[in-house]
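In what follows, a structure is listed as structure tokens, so that the remarks can point back to it.
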Amino acid sequence: SETKCMKSEGASGGLVDWTVSDVVSYFTTAGFPEQAAAFRTQEIDGKSLLLMQRNDVLTGLSIRLGPALKIYERHVKVLQKTHFEDDDC
Amino acid sequence: SETKCMKSEGASGGLVDWTVSDVVSYFTTAGFPEQAAAFRTQEIDGKSLLLMQRNDVLTGLSIRLGPALKIYERHVKVLQKTHFEDDDC
Amino acid sequence: SETKCMKSEGASGGLVDWTVSDVVSYFTTAGFPEQAAAFRTQEIDGKSLLLMQRNDVLTGLSIRLGPALKIYERHVKVLQKTHFEDDDC
Amino acid sequence: SETKCMKSEGASGGLVDWTVSDVVSYFTTAGFPEQAAAFRTQEIDGKSLLLMQRNDVLTGLSIRLGPALKIYERHVKVLQKTHFEDDDC
Amino acid sequence: SETKCMKSEGASGGLVDWTVSDVVSYFTTAGFPEQAAAFRTQEIDGKSLLLMQRNDVLTGLSIRLGPALKIYERHVKVLQKTHFEDDDC
């Protein structure tokens with residue numbers, strides 16, 4: 001990748017170092033305060049977030065379908081993509 | 001695509017600008033008043049509608065299978081196709 | 001297809017014209033009276049029947065697995081196949 | 001296939017002729033008496049058994065995951081394979 | 001594989017010889033004491049563990065999504081990989 005090596009946004013370290021609370025803060029700030037609580041209930045930290053697939057977000061969090069679709073497409077997928085591009089540094 | 005660049009039907013703006021209420025109105029008018037309520041419950045706006053796959057409609061809305069199959073095939077798929085053709089304008 | 005252009009069996013018109021009651025009658029006659037009721041509950045008419053996939057029959061009708069497997073393999077699949085062959089007429 | 005044409009084990013006739021009770025007897029004898037009852041509940045006869053896929057065994061019988069994995073891998077898959085090899089006779 | 005032929009870790013014999021209790025001990029030691037109990041409930045021994053796929057771990061154990069993702073990725077997948085490499089000895 002030719003992108004510059006930037007830190008993942010939302011926590012001081014990289015995504016793999018995010019605690020469950022960092023994940024909850026990220027989604028609260030991103031406009032999904034109600035859904036953010038589900039990440040705490042399911043104990044999703046940065047490492048788990050990296051392993052989530054579309055269906056896990058849609059059915060494994062017990063959140064409404066509309067927000068779930070946006071959370072996966074605009075955030076989980078993007079955070080994962082950014083993380084793996086960082087690996088090329 | 002060689003189709004002309006038409007606005008998506010059912011709301012004044014494009015599908016991405018539809019609110020949840022626009023989505024509910026669309027499916028009510030399309031002959032699915034009972035199922036339309038499920039789109040409100042699941043908070044599906046135009047942006048979320050664009051991201052829905054077959055299985056999301058069939059199992060994520062908790063609506064009966066017969067109407068769900070038609071809603072996906074005749075409406076969700078068609079609205080998405082129209083939207084992405086518009087992108088070629 | 002080289003098959004002759006026969007009407008789909010079980011109703012006077014083609015499968016697309018079957019009402020929910022036609023579908024229920026078909027499966028009752030086919031030896032599945034108990035499961036036939038599920039097609040009414042889920043509002044499956046001929047048009048919806050044409051759109052059903054294996055998993056929809058197995059999990060979307062809330063019927064027992066044994067009969068569900070036969071209903072899909074011997075009936076739904078066959079009715080769909082016959083319908084699409086008719087399209088070649 | 002080069003295997004000899006043997007009858008499927010567990011009933012006098014081939015798998016397609018097994019009744020639900022033959023299926024229940026087979027799994028009881030095979031060491032799964034508790035899970036065998038689920039095949040009766042779901043009305044699985046030999047013909048239905050031939051149509052079962054991995055996911056049907058794991059989620060459609062409401063049995064525990066450990067035994068379900070073995071039932072599919074060591075029995076359902078093997079019975080199906082034996083049946084279709086018999087077809088070459 | 002060029003790896004040396006090592007015993008699978010966590011029990012004296014290979015993974016296929018692990019009892020349900022061996023599996024429970026392994027996941028307790030691995031840092032998942034709460035989730036380990038689910039392996040007992042679902043009667044997962046070493047042979048069943050070898051047959052588990054991603055979705056079985058995520059939805060078949062009724063455990064929280066975060067730990068489930070790590071259990072599959074860091075343990076189940078790794079134990080299976082190690083087992084099949086041992087087969088080359």
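Chain lettering (A, B, ...) mirrors the order of the structure tokens, residue numbering begins at 1 for each chain separately, and ligand numbering begins at 1 in order of display.
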> Once you count only C-alpha atoms, which residues of chain E turn out to be within 8 Å of chain A? Could you give them as number ranges by chain?
Replying inline: E: 64-67, 69-70
For the residues in that selection, give me C-alpha atoms as a PDB file, in the first residue's frame.
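Output saved as out.pdb:
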ATOM      1  CA  ARG E  64     -20.215 -14.218  24.058  1.00  0.00           C
ATOM      2  CA  LEU E  65     -19.010 -13.123  20.645  1.00  0.00           C
ATOM      3  CA  GLY E  66     -15.715 -11.487  21.706  1.00  0.00           C
ATOM      4  CA  PRO E  67     -14.234 -14.534  23.459  1.00  0.00           C
ATOM      5  CA  LEU E  69     -13.833 -15.079  18.050  1.00  0.00           C
ATOM      6  CA  LYS E  70     -10.544 -15.509  19.927  1.00  0.00           C
TER       7      LYS E  70
END
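When chain A is laid over chain D and all C-alpha atoms are paired one by one, the RMSD comes to 0.1 Å.
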>> Please identify the alpha helix (DSSP H) residues within stretch 1-86 of chain E (assignment by DSSP from backbone atoms) and present them as a PyMOL selection string.
In response: chain E and resi 20-29+33-41+46-51+54-59+65-70+77-86
